[in-house]
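Raw contents of coords33.cif, mmCIF, C-alpha atoms and all ligand atoms:
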data_query
#
loop_
_atom_site.label_atom_id
_atom_site.label_comp_id
_atom_site.auth_asym_id
_atom_site.auth_seq_id
_atom_site.Cartn_x
_atom_site.Cartn_y
_atom_site.Cartn_z
CA MET A 135 18.12 -0.76 36.13
CA THR A 136 15.13 -3.02 35.49
CA ASP A 137 14.69 -3.58 39.24
CA VAL A 138 14.71 0.16 39.81
CA ALA A 139 12.16 0.70 37.05
CA ALA A 140 9.94 -2.07 38.46
CA ALA A 141 10.13 -0.62 41.98
CA THR A 142 9.31 2.85 40.63
CA VAL A 143 6.25 1.73 38.68
CA ALA A 144 5.06 -0.31 41.71
CA GLU A 145 5.45 2.75 43.91
CA GLN A 146 3.53 4.91 41.43
CA PHE A 147 0.77 2.29 41.39
CA THR A 148 0.56 2.34 45.20
CA VAL A 149 0.28 6.13 45.33
CA LEU A 150 -2.34 6.10 42.54
CA TYR A 151 -4.59 3.27 43.71
CA GLY A 152 -3.85 3.15 47.46
CA ALA A 153 -2.73 -0.51 47.53
CA ARG A 154 0.32 -2.49 46.42
CA PRO A 155 0.19 -4.13 42.96
CA ASP A 156 0.20 -7.92 42.74
CA GLY A 157 3.16 -7.75 40.38
CA VAL A 158 5.06 -5.85 37.69
CA TRP A 159 5.47 -7.04 34.08
CA ALA A 160 7.50 -5.82 31.09
CA ALA A 161 7.08 -6.16 27.32
CA PRO A 162 9.46 -4.69 24.72
CA GLY A 163 9.02 -2.77 21.51
CA ARG A 164 10.59 -4.38 18.45
CA VAL A 165 12.44 -3.62 15.29
CA ASN A 166 12.30 -5.83 12.21
CA LEU A 167 15.76 -6.80 10.95
CA ILE A 168 14.49 -7.96 7.54
CA GLY A 169 11.24 -9.22 5.99
CA GLU A 170 9.18 -6.12 5.19
CA TYR A 171 5.71 -6.23 3.61
CA THR A 172 5.98 -10.00 3.69
CA ASP A 173 3.51 -10.74 6.51
CA PHE A 174 0.33 -10.34 4.45
CA ASN A 175 1.91 -12.56 1.78
CA ASP A 176 2.24 -15.49 4.23
CA GLY A 177 6.00 -14.79 4.27
CA PHE A 178 8.87 -14.54 6.74
CA VAL A 179 9.85 -11.83 9.22
CA LEU A 180 12.88 -11.54 11.51
CA PRO A 181 12.28 -9.06 14.34
CA LEU A 182 14.27 -8.51 17.52
CA ALA A 183 13.13 -7.05 20.83
CA LEU A 184 14.34 -3.58 21.79
CA PRO A 185 15.74 -2.68 25.22
CA HIS A 186 12.81 -0.24 25.40
CA THR A 187 9.83 -1.68 27.25
CA ALA A 188 6.32 -1.03 28.44
CA LEU A 189 5.96 -1.75 32.16
CA ALA A 190 2.70 -2.57 33.91
CA ALA A 191 1.99 -2.73 37.63
CA VAL A 192 -1.27 -4.63 38.03
CA ARG A 193 -3.59 -5.71 40.81
CA ARG A 194 -6.36 -8.21 40.17
CA ARG A 195 -9.88 -7.24 41.18
CA ASP A 196 -12.84 -9.55 41.18
CA ASP A 197 -15.65 -6.98 40.94
CA GLY A 198 -15.41 -6.62 37.14
CA VAL A 199 -14.07 -3.06 37.34
CA LEU A 200 -11.18 -2.14 35.07
CA ARG A 201 -9.11 0.91 35.98
CA LEU A 202 -6.42 2.03 33.53
CA HIS A 203 -3.73 4.64 33.94
CA SER A 204 -0.66 5.63 31.92
CA ALA A 205 2.12 7.69 33.45
CA ASP A 206 2.89 8.97 29.96
CA VAL A 207 -0.51 10.46 29.09
CA ASP A 208 -2.43 13.35 30.66
CA GLY A 209 -5.97 12.68 31.74
CA GLY A 210 -6.04 10.51 34.84
CA VAL A 211 -7.57 7.10 35.44
CA VAL A 212 -9.96 5.60 32.87
CA GLN A 213 -12.60 3.45 34.58
CA LEU A 214 -14.56 0.82 32.68
CA ARG A 215 -16.53 -2.34 33.38
CA ALA A 216 -15.23 -5.56 31.85
CA ASP A 217 -18.83 -6.60 31.05
CA ASP A 218 -19.43 -3.42 29.05
CA LEU A 219 -16.39 -3.68 26.80
CA ALA A 220 -17.27 -3.75 23.10
CA PRO A 221 -15.27 -2.77 20.00
CA SER A 222 -17.66 0.07 19.16
CA ALA A 223 -17.33 1.57 22.64
CA ASP A 224 -13.58 1.86 21.92
CA GLY A 225 -12.50 1.21 25.48
CA GLY A 226 -12.95 4.73 26.79
CA GLY A 227 -11.16 6.47 23.96
CA GLY A 228 -7.58 6.87 22.83
CA TRP A 229 -4.75 4.94 24.42
CA ALA A 230 -6.97 3.03 26.88
CA ALA A 231 -8.38 1.02 23.97
CA TYR A 232 -5.12 -0.98 23.82
CA PRO A 233 -5.23 -2.49 27.35
CA ALA A 234 -9.05 -2.55 27.38
CA GLY A 235 -8.99 -4.36 24.04
CA VAL A 236 -6.81 -7.07 25.55
CA VAL A 237 -9.31 -7.66 28.36
CA TRP A 238 -12.08 -7.81 25.75
CA ALA A 239 -10.13 -10.19 23.49
CA LEU A 240 -9.28 -12.55 26.37
CA ARG A 241 -12.93 -12.70 27.41
CA GLU A 242 -14.03 -13.14 23.77
CA ALA A 243 -11.69 -16.14 23.57
CA GLY A 244 -13.52 -17.64 26.56
CA HIS A 245 -11.06 -16.81 29.33
CA ALA A 246 -12.44 -15.91 32.74
CA VAL A 247 -10.90 -12.48 33.22
CA GLY A 248 -12.62 -10.07 35.59
CA GLY A 249 -11.34 -6.64 36.52
CA ALA A 250 -7.94 -5.16 37.29
CA ASP A 251 -6.21 -1.99 38.34
CA ILE A 252 -3.46 -1.26 35.81
CA HIS A 253 -0.75 1.39 35.83
CA LEU A 254 1.45 1.58 32.72
CA THR A 255 4.54 3.41 31.62
CA SER A 256 6.70 2.88 28.57
CA THR A 257 10.09 3.82 27.14
CA VAL A 258 9.15 2.63 23.64
CA PRO A 259 8.96 5.71 21.38
CA THR A 260 5.38 6.03 20.11
CA GLY A 261 4.44 6.25 16.47
CA ALA A 262 8.04 5.57 15.33
CA GLY A 263 7.28 2.14 13.88
CA LEU A 264 8.79 0.45 16.95
CA SER A 265 5.51 -1.05 18.17
CA SER A 266 4.76 0.84 21.33
CA SER A 267 1.18 -0.35 20.83
CA ALA A 268 2.10 -4.06 20.81
CA ALA A 269 4.26 -3.55 23.91
CA LEU A 270 1.26 -2.08 25.72
CA GLU A 271 -1.01 -4.95 24.64
CA VAL A 272 1.43 -7.73 25.40
CA VAL A 273 2.37 -6.42 28.85
CA THR A 274 -1.33 -6.26 29.71
CA ALA A 275 -1.98 -9.75 28.34
CA LEU A 276 0.95 -11.27 30.22
CA ALA A 277 -0.08 -9.68 33.52
CA LEU A 278 -3.67 -10.92 33.19
CA ASN A 279 -2.44 -14.36 32.10
CA ASP A 280 -0.52 -14.63 35.36
CA LEU A 281 -3.08 -13.04 37.68
CA TYR A 282 -5.98 -15.10 36.30
CA ALA A 283 -3.83 -18.26 35.91
CA LEU A 284 -4.85 -18.65 32.25
CA GLY A 285 -1.80 -20.71 31.34
CA LEU A 286 -1.49 -19.24 27.83
CA SER A 287 1.84 -19.35 26.00
CA GLY A 288 3.51 -16.17 24.74
CA ALA A 289 2.50 -17.05 21.18
CA ARG A 290 -1.17 -17.45 22.22
CA LEU A 291 -1.05 -14.15 24.12
CA ALA A 292 0.32 -12.53 20.95
CA VAL A 293 -2.71 -13.74 18.98
CA VAL A 294 -5.02 -12.29 21.65
CA ALA A 295 -3.12 -8.98 21.56
CA GLN A 296 -3.33 -8.85 17.76
CA ARG A 297 -7.09 -9.47 17.95
CA ALA A 298 -7.35 -6.58 20.43
CA GLU A 299 -5.57 -4.26 18.01
CA ASN A 300 -7.45 -5.49 14.89
CA ALA A 301 -10.97 -5.74 16.24
CA PHE A 302 -11.06 -3.44 19.28
CA VAL A 303 -8.64 -0.63 18.43
CA GLY A 304 -9.37 -1.02 14.71
CA VAL A 305 -5.82 -1.26 13.30
CA PRO A 306 -5.31 -4.01 10.66
CA CYS A 307 -1.80 -5.07 11.80
CA GLY A 308 -0.23 -8.48 11.17
CA ILE A 309 0.99 -10.89 13.85
CA MET A 310 4.68 -9.88 13.87
CA ASP A 311 4.67 -7.06 16.42
CA GLN A 312 2.87 -8.89 19.20
CA THR A 313 4.76 -12.14 18.61
CA ALA A 314 8.08 -10.29 18.71
CA SER A 315 7.18 -8.55 21.96
CA ALA A 316 5.95 -11.79 23.57
CA CYS A 317 8.44 -14.34 22.20
CA CYS A 318 11.81 -12.72 21.38
CA ALA A 319 14.91 -13.81 23.29
CA GLN A 320 17.99 -11.84 24.30
CA GLY A 321 20.85 -12.08 21.81
CA HIS A 322 18.53 -13.47 19.12
CA ALA A 323 16.27 -12.45 16.28
CA LEU A 324 12.99 -14.31 15.89
CA HIS A 325 12.31 -16.09 12.61
CA LEU A 326 8.55 -16.16 12.28
CA ASP A 327 6.71 -17.87 9.46
CA THR A 328 3.52 -15.81 9.23
CA ARG A 329 1.67 -18.63 7.43
CA ASP A 330 1.78 -21.30 10.12
CA LEU A 331 3.25 -19.18 12.98
CA THR A 332 6.18 -21.55 13.48
CA ARG A 333 9.16 -19.70 14.88
CA ARG A 334 12.79 -20.14 15.74
CA GLN A 335 15.33 -18.14 17.72
CA VAL A 336 18.22 -17.20 15.43
CA PRO A 337 21.53 -16.23 17.11
CA PHE A 338 22.16 -12.49 16.77
CA ASP A 339 24.56 -11.68 19.57
CA LEU A 340 25.73 -8.32 18.30
CA ALA A 341 27.71 -7.43 21.42
CA ALA A 342 29.76 -10.63 21.21
CA HIS A 343 30.72 -9.73 17.62
CA GLY A 344 31.54 -6.08 18.38
CA LEU A 345 28.54 -4.88 16.40
CA GLU A 346 25.59 -2.59 17.04
CA LEU A 347 22.29 -2.09 15.34
CA LEU A 348 21.55 1.63 15.21
CA VAL A 349 17.88 2.55 15.16
CA VAL A 350 17.17 5.92 13.59
CA ASP A 351 13.74 7.38 14.27
CA THR A 352 13.32 10.03 11.57
CA ARG A 353 10.45 11.61 13.55
CA VAL A 354 8.49 12.09 10.35
CA LYS A 355 5.27 10.39 9.31
CA HIS A 356 4.01 11.23 5.84
CA ALA A 357 0.25 11.17 5.35
CA LEU A 358 0.82 9.27 2.09
CA GLY A 359 1.40 6.14 4.18
CA ASP A 360 -2.23 5.90 5.27
CA GLY A 361 -3.66 4.45 2.07
CA ALA A 362 -0.40 2.97 0.79
CA TYR A 363 -0.45 -0.12 3.02
CA ALA A 364 -3.87 -1.19 1.76
CA GLU A 365 -2.85 -0.44 -1.84
CA ARG A 366 0.32 -2.57 -1.57
CA ARG A 367 -1.66 -5.34 0.06
CA GLU A 368 -4.28 -5.37 -2.68
CA GLY A 369 -1.55 -5.21 -5.34
CA CYS A 370 0.22 -8.23 -3.85
CA GLU A 371 -3.04 -10.18 -3.63
CA ALA A 372 -3.73 -9.35 -7.27
CA GLY A 373 -0.25 -10.66 -8.12
CA ALA A 374 -0.91 -13.93 -6.30
CA ARG A 375 -4.22 -14.36 -8.15
CA ALA A 376 -2.59 -13.66 -11.50
CA LEU A 377 0.09 -16.26 -10.77
CA GLY A 378 -2.41 -18.81 -9.49
CA VAL A 379 -0.86 -19.18 -6.02
CA ARG A 380 -2.47 -18.88 -2.60
CA ALA A 381 -0.02 -16.14 -1.59
CA LEU A 382 3.19 -14.67 -3.01
CA ARG A 383 5.09 -16.73 -0.48
CA ASP A 384 4.38 -19.68 -2.78
CA VAL A 385 6.39 -18.19 -5.67
CA PRO A 386 9.86 -19.78 -5.33
CA HIS A 387 12.82 -17.44 -5.79
CA ALA A 388 14.18 -19.75 -8.48
CA GLY A 389 10.94 -19.29 -10.45
CA LEU A 390 10.81 -15.49 -10.11
CA ALA A 391 12.09 -14.57 -13.58
CA ARG A 392 9.49 -16.80 -15.23
CA ALA A 393 6.71 -15.52 -12.98
CA LEU A 394 7.60 -11.93 -13.85
CA THR A 395 7.46 -12.50 -17.61
CA SER A 396 3.95 -13.89 -17.25
CA LEU A 397 2.68 -10.71 -15.58
CA GLY A 398 1.43 -7.98 -17.87
CA ASP A 399 1.16 -5.19 -15.35
CA GLU A 400 4.34 -3.26 -14.47
CA ARG A 401 3.22 -2.34 -10.96
CA THR A 402 2.29 -5.93 -10.13
CA ARG A 403 5.67 -7.09 -11.41
CA ARG A 404 7.44 -4.70 -9.01
CA TYR A 405 5.36 -5.78 -6.02
CA VAL A 406 5.87 -9.47 -6.77
CA ARG A 407 9.61 -8.95 -7.22
CA HIS A 408 9.86 -7.19 -3.85
CA VAL A 409 8.00 -9.87 -1.91
CA VAL A 410 9.76 -12.84 -3.51
CA THR A 411 13.25 -11.33 -3.20
CA GLU A 412 12.52 -10.11 0.34
CA ASN A 413 11.50 -13.59 1.53
CA HIS A 414 14.69 -14.88 -0.06
CA ARG A 415 16.69 -12.17 1.75
CA VAL A 416 15.24 -13.30 5.08
CA GLU A 417 16.46 -16.82 4.35
CA ARG A 418 19.91 -15.56 3.34
CA VAL A 419 20.19 -13.38 6.47
CA ILE A 420 19.28 -16.37 8.63
CA ALA A 421 21.90 -18.53 6.89
CA HIS A 422 24.59 -15.92 7.67
CA LEU A 423 23.48 -15.62 11.30
CA ASP A 424 23.39 -19.39 11.76
CA ALA A 425 26.90 -19.52 10.30
CA GLY A 426 28.10 -16.97 12.89
CA ALA A 427 28.72 -14.33 10.21
CA PRO A 428 26.54 -11.35 11.17
CA ARG A 429 28.66 -8.86 9.18
CA ALA A 430 27.52 -10.55 5.98
CA VAL A 431 23.98 -9.40 6.79
CA GLY A 432 24.85 -5.75 6.07
CA PRO A 433 24.66 -5.77 2.25
CA LEU A 434 21.36 -7.66 2.39
CA LEU A 435 19.85 -4.88 4.51
CA THR A 436 20.85 -2.31 1.89
CA GLU A 437 19.56 -4.55 -0.90
CA GLY A 438 16.26 -4.79 0.97
CA HIS A 439 16.09 -1.00 1.21
CA THR A 440 16.62 -0.62 -2.53
CA SER A 441 13.78 -3.06 -3.15
CA LEU A 442 11.44 -1.20 -0.77
CA ARG A 443 12.41 2.12 -2.36
CA ASP A 444 12.30 1.18 -6.05
CA ASP A 445 9.96 -1.80 -6.34
CA LEU A 446 7.45 -1.31 -3.54
CA ARG A 447 7.99 2.49 -3.38
CA VAL A 448 7.27 2.88 0.33
CA SER A 449 10.41 4.80 1.36
CA CYS A 450 10.76 8.58 1.59
CA ALA A 451 13.51 11.21 1.37
CA GLU A 452 14.32 11.07 5.11
CA LEU A 453 14.68 7.26 5.17
CA ASP A 454 16.77 7.31 2.00
CA LEU A 455 18.99 9.97 3.60
CA VAL A 456 19.60 7.77 6.67
CA VAL A 457 20.53 4.76 4.52
CA ARG A 458 22.75 6.74 2.15
CA THR A 459 24.53 8.60 4.98
CA ALA A 460 25.01 5.55 7.20
CA ASN A 461 26.50 3.52 4.34
CA ALA A 462 28.74 6.39 3.21
CA ALA A 463 29.96 6.75 6.82
CA GLY A 464 30.97 3.09 7.01
CA ALA A 465 27.88 1.12 8.09
CA LEU A 466 27.85 -2.54 7.02
CA GLY A 467 24.38 -1.95 5.64
CA ALA A 468 21.16 -0.05 6.35
CA ARG A 469 17.48 -0.03 5.47
CA MET A 470 14.13 1.44 6.36
CA THR A 471 12.18 -0.78 8.74
CA GLY A 472 8.42 -1.01 9.27
CA GLY A 473 5.77 0.40 6.96
CA GLY A 474 7.86 3.28 5.58
CA PHE A 475 6.83 6.84 4.58
CA GLY A 476 8.72 7.96 7.71
CA GLY A 477 9.19 6.07 10.96
CA SER A 478 12.51 4.36 11.56
CA ALA A 479 15.54 2.98 9.74
CA ILE A 480 18.24 0.62 11.00
CA ALA A 481 21.97 0.46 10.32
CA LEU A 482 24.30 -2.42 11.17
CA VAL A 483 27.58 -0.90 12.34
CA GLU A 484 30.88 -1.79 14.01
CA SER A 485 30.55 -0.73 17.68
CA ALA A 486 33.74 1.29 17.32
CA GLU A 487 32.15 3.32 14.51
CA SER A 488 28.74 3.79 16.09
CA ASP A 489 29.41 7.34 17.33
CA THR A 490 30.89 8.55 14.06
CA ILE A 491 28.02 7.14 12.04
CA THR A 492 25.44 8.58 14.46
CA LYS A 493 27.05 12.02 14.13
CA SER A 494 27.10 11.75 10.33
CA ILE A 495 23.36 11.00 10.27
CA GLU A 496 22.62 13.88 12.64
CA ALA A 497 24.76 16.24 10.55
CA ALA A 498 23.05 15.15 7.32
CA PHE A 499 19.64 15.88 8.83
CA GLU A 500 20.82 19.28 10.04
CA SER A 501 22.22 20.23 6.62
CA ALA A 502 18.94 19.20 5.02
CA GLY A 503 17.03 21.44 7.47
CA LEU A 504 15.20 18.44 8.98
CA THR A 505 14.07 17.81 12.57
CA PRO A 506 16.92 16.07 14.44
CA PRO A 507 16.41 12.29 14.30
CA ARG A 508 16.49 10.13 17.42
CA VAL A 509 19.39 7.64 17.06
CA PHE A 510 20.05 4.84 19.55
CA PRO A 511 21.84 1.48 19.53
CA ALA A 512 19.62 -1.58 20.00
CA LEU A 513 20.93 -4.86 21.33
CA PRO A 514 18.55 -7.82 20.89
CA SER A 515 16.73 -7.85 24.24
CA PRO A 516 14.46 -10.26 26.12
CA GLY A 517 10.80 -10.68 25.26
CA ALA A 518 7.96 -10.04 27.71
CA LEU A 519 8.50 -11.20 31.29
CA ARG A 520 7.42 -10.75 34.89
CA LEU A 521 9.76 -8.47 36.83
CA ALA A 522 8.27 -8.57 40.32
P1 LIG A 601 3.62 2.33 17.23
O1 LIG A 601 3.03 1.05 17.69
O2 LIG A 601 4.40 2.19 15.98
O3 LIG A 601 4.40 3.05 18.28
P2 LIG A 601 0.86 3.03 17.02
O4 LIG A 601 0.16 4.16 16.40
O5 LIG A 601 0.51 1.66 16.59
O6 LIG A 601 2.42 3.30 16.84
O7 LIG A 601 0.65 3.08 18.59
C1 LIG A 601 0.87 4.27 19.30
C2 LIG A 601 -0.27 4.47 20.28
O8 LIG A 601 -0.14 3.53 21.37
C3 LIG A 601 -0.24 5.84 20.95
O9 LIG A 601 -0.88 6.81 20.15
C4 LIG A 601 -1.01 5.55 22.24
O10 LIG A 601 -2.39 5.54 22.01
C5 LIG A 601 -0.58 4.13 22.57
N1 LIG A 601 0.55 4.16 23.50
C6 LIG A 601 1.83 3.76 23.28
N2 LIG A 601 2.59 3.92 24.38
C7 LIG A 601 1.78 4.43 25.33
C8 LIG A 601 1.96 4.82 26.70
N3 LIG A 601 3.14 4.74 27.30
N4 LIG A 601 0.89 5.27 27.37
C9 LIG A 601 -0.32 5.38 26.77
N5 LIG A 601 -0.54 5.04 25.51
C10 LIG A 601 0.48 4.57 24.78
MG MG A 602 1.64 -0.09 16.56
#
Structure re-expressed in structure tokens:
Amino acid sequence: MTDVAAATVAEQFTVLYGARPDGVWAAPGRVNLIGEYTDFNDGFVLPLALPHTALAAVRRRDDGVLRLHSADVDGGVVQLRADDLAPSADGGGGWAAYPAGVVWALREAGHAVGGADIHLTSTVPTGAGLSSSAALEVVTALALNDLYALGLSGARLAVVAQRAENAFVGVPCGIMDQTASACCAQGHALHLDTRDLTRRQVPFDLAAHGLELLVVDTRVKHALGDGAYAERREGCEAGARALGVRALRDVPHAGLARALTSLGDERTRRYVRHVVTENHRVERVIAHLDAGAPRAVGPLLTEGHTSLRDDLRVSCAELDLVVRTANAAGALGARMTGGGFGGSAIALVESAESDTITKSIEAAFESAGLTPPRVFPALPSPGALRLA
């Protein structure tokens, strides 16, 4: 399957640019198992790579010309000069800013990257909170790392890709998405400490346990989400200041009750409670996975959803419907994942019950008069790699 996809994208490259690519690379989208709204509090996240990937066929060129093409977007080849790349010039507009931003960020970091011909295609759903943007950045970074013999690790490439998205594309994302795409391993979730970027592969071999993780893309995105992220971030920072800690990560779970009584503001209390309990949930999930007990993770997912819904208030009717329906239909647990206000939810289910639960969710959306959701099972898949 992967070989076929790699051969296809190489063939498309050859037709498009009139020469064979030097290689083909892949980078996955991701879903976060637990650890939501923790990254800007120096906390923990636990993403896994999806089987859905961005593929890039790339040929190095030493004349400083950068040609970019996506099979998934109308509009032909975008041609730029590496020397002219600047954040304000936005990389030629739209989607091309993601790969162009990576070239810019590599050069900014002092790496001798010239031009390239790049042809991309991706199976990561866009705008569903599954990080199609990070997949695009990381696949570009990995290809250039190989073709220009930069010798950067996956974790370093992730930092470059994040800088591309923050400074060049202009999206203030954390480090989770790019690190997940670059560093995840098959059959594992990735425990990432967003303070010091230490990470560990945690066993999450769903198939071996007869389990599946259903991803439910609600296909809605509420405009409310636009300002909400910044508001939650500021609220959490205010909480940390009020408690006299560098970040909410530094409030121990055992000291939560006392911390909450010292806070006068109701909203701040809710935000602090979410972040502190969510970090604790990440640790509890990891303990269950390390103990070979993935089923025990289910209730913690649902607990996390309740916290996101009631304390942080970033869920929405469609996400709540997925969680309620999945749990009523026999899921081990479910929660919204990502920023909320639409996007995707996940449900941990017995493989044998996956179809029934999927149908229940689809039926619930139909009865509510909603757009049919996209539901698919995700097994923890490999991080970015060279295919050919
Ligand atoms: P997410 O990362 O959650 O999918 P974003 O808004 O961060 O959502 O990124 C989506 C954007 O990434 C798209 O609007 C597009 O500009 C770019 N993108 C993703 N996949 C592709 C693709 N296959 N071809 C071209 N651009 C893509
Ligand atoms: Mg994104």
Query raised in the report: Do you have the atom CA of Ala246 of chain A-atom O10 of ligand LIG 601 (chain A) distance handy?
Result: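 Straight-line distance from atom CA of Ala246 of chain A to atom O10 of ligand LIG 601 (chain A) works out to 26.0 Å.
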Requested in this report: Would you mind listing what lies within 12 Å of Thr257 of chain A as JSON, numbers by chain, with only C-alpha atoms counted and same-chain residues fewer than 2 positions away left out?
Outcome: {"A": [136, 139, 160, 161, 162, 163, 164, 184, 185, 186, 187, 188, 189, 190, 204, 205, 206, 254, 255, 259, 260, 264, 265, 266, 267, 269, 270]}
Query raised in the report: Between A:Ala376, A:Ala239, A:Leu442, A:Val410, which one has atoms that come closest to Ser396 of chain A, using all atoms listed in the file?
Result: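 With all atoms listed in the file as the atom set, the closest residue is A:Ala376.
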How close does each residue of chain A get to ligand MG 602 (chain A), giving the shortest atom pair and distance in Å to one decimal for every residue with an atom at most 12 Å away, counting only C-alpha atoms and all ligand atoms, sorted by chain and residue number, as a tab-separated table?
residue	atom	partner	partner_atom	distance
A:Gly163	CA	A:MG602	MG	9.3
A:Arg164	CA	A:MG602	MG	10.1
A:Val165	CA	A:MG602	MG	11.4
A:Trp229	CA	A:MG602	MG	11.3
A:Tyr232	CA	A:MG602	MG	10.0
A:Val258	CA	A:MG602	MG	10.7
A:Pro259	CA	A:MG602	MG	10.5
A:Thr260	CA	A:MG602	MG	8.0
A:Gly261	CA	A:MG602	MG	6.9
A:Ala262	CA	A:MG602	MG	8.6
A:Gly263	CA	A:MG602	MG	6.6
A:Leu264	CA	A:MG602	MG	7.2
A:Ser265	CA	A:MG602	MG	4.3
A:Ser266	CA	A:MG602	MG	5.8
A:Ser267	CA	A:MG602	MG	4.3
A:Ala268	CA	A:MG602	MG	5.8
A:Ala269	CA	A:MG602	MG	8.5
A:Leu270	CA	A:MG602	MG	9.4
A:Glu271	CA	A:MG602	MG	9.8
A:Val272	CA	A:MG602	MG	11.7
A:Ala295	CA	A:MG602	MG	11.3
A:Gln296	CA	A:MG602	MG	10.1
A:Ala298	CA	A:MG602	MG	11.7
A:Glu299	CA	A:MG602	MG	8.5
A:Asn300	CA	A:MG602	MG	10.7
A:Val303	CA	A:MG602	MG	10.5
A:Gly304	CA	A:MG602	MG	11.2
A:Val305	CA	A:MG602	MG	8.2
A:Pro306	CA	A:MG602	MG	9.9
A:Cys307	CA	A:MG602	MG	7.7
A:Gly308	CA	A:MG602	MG	10.1
A:Ile309	CA	A:MG602	MG	11.2
A:Met310	CA	A:MG602	MG	10.6
A:Asp311	CA	A:MG602	MG	7.6
A:Gln312	CA	A:MG602	MG	9.3
A:Ser315	CA	A:MG602	MG	11.5
A:Gly472	CA	A:MG602	MG	10.0
A:Gly473	CA	A:MG602	MG	10.5
A:Gly477	CA	A:MG602	MG	11.2
Padding of 4 Å on every side, edges along x, y and z, all listed atoms of ligand LIG 601 (chain A) included: what centre and edge lengths in Å, to one decimal, does that box have, as JSON?
{"center_x": 1.0, "center_y": 3.9, "center_z": 21.7, "size_x": 14.8, "size_y": 13.8, "size_z": 19.4}
Requested in this report: Work out how far atom CA of Thr274 of chain A is from atom CA of Tyr363 of chain A, in Å to one decimal.
Outcome: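 Interatomic distance here is 27.4 Å.
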**Report entry** Non-local contacts of Arg403 of chain A (9 Å; only C-alpha atoms; under 5 positions in same chain excluded) as a PyMOL selection string
**Finding:** chain A and resi 373+393-395+397-398+408+445
Query raised in the report: Which is closer to Ala277 of chain A than all the others in A:Thr490, A:Ala522, A:Asp339, A:Leu453, using only C-alpha atoms?
Result: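 Checking each of A:Thr490, A:Ala522, A:Asp339, A:Leu453 against Ala277 of chain A, counting only C-alpha atoms, the winner is A:Ala522.
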**Report entry** Å distance separating atom CA of Ala292 of chain A from atom CA of Asp196 of chain A, one decimal place
**Finding:** 24.3 Å
**Report entry** Spatial neighbours of segment 321-337 of chain A, 10 Å, only C-alpha atoms, chain gap at least 5 places, as an MDAnalysis selection string
**Finding:** chainID A and resid 165:169 172:183 289 308:310 313:314 342 381 383 416:417 419:426 428 513:516
Query - Selection near Asp218 of chain A, 12 Å with all atoms listed in the file, sequence-local residues under 2 positions removed, as a PyMOL selection string - result: chain A and resi 198-200+213-216+220-226+234-235+237-238+241+248-249
Query - Given all atoms listed in the file as the counted atoms, nearest of A:Gly285, A:Ser478, A:Leu240, A:Leu390 to ligand LIG 601 (chain A) - result: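 Of A:Gly285, A:Ser478, A:Leu240, A:Leu390, the one nearest ligand LIG 601 (chain A), counting all atoms listed in the file, is A:Ser478.
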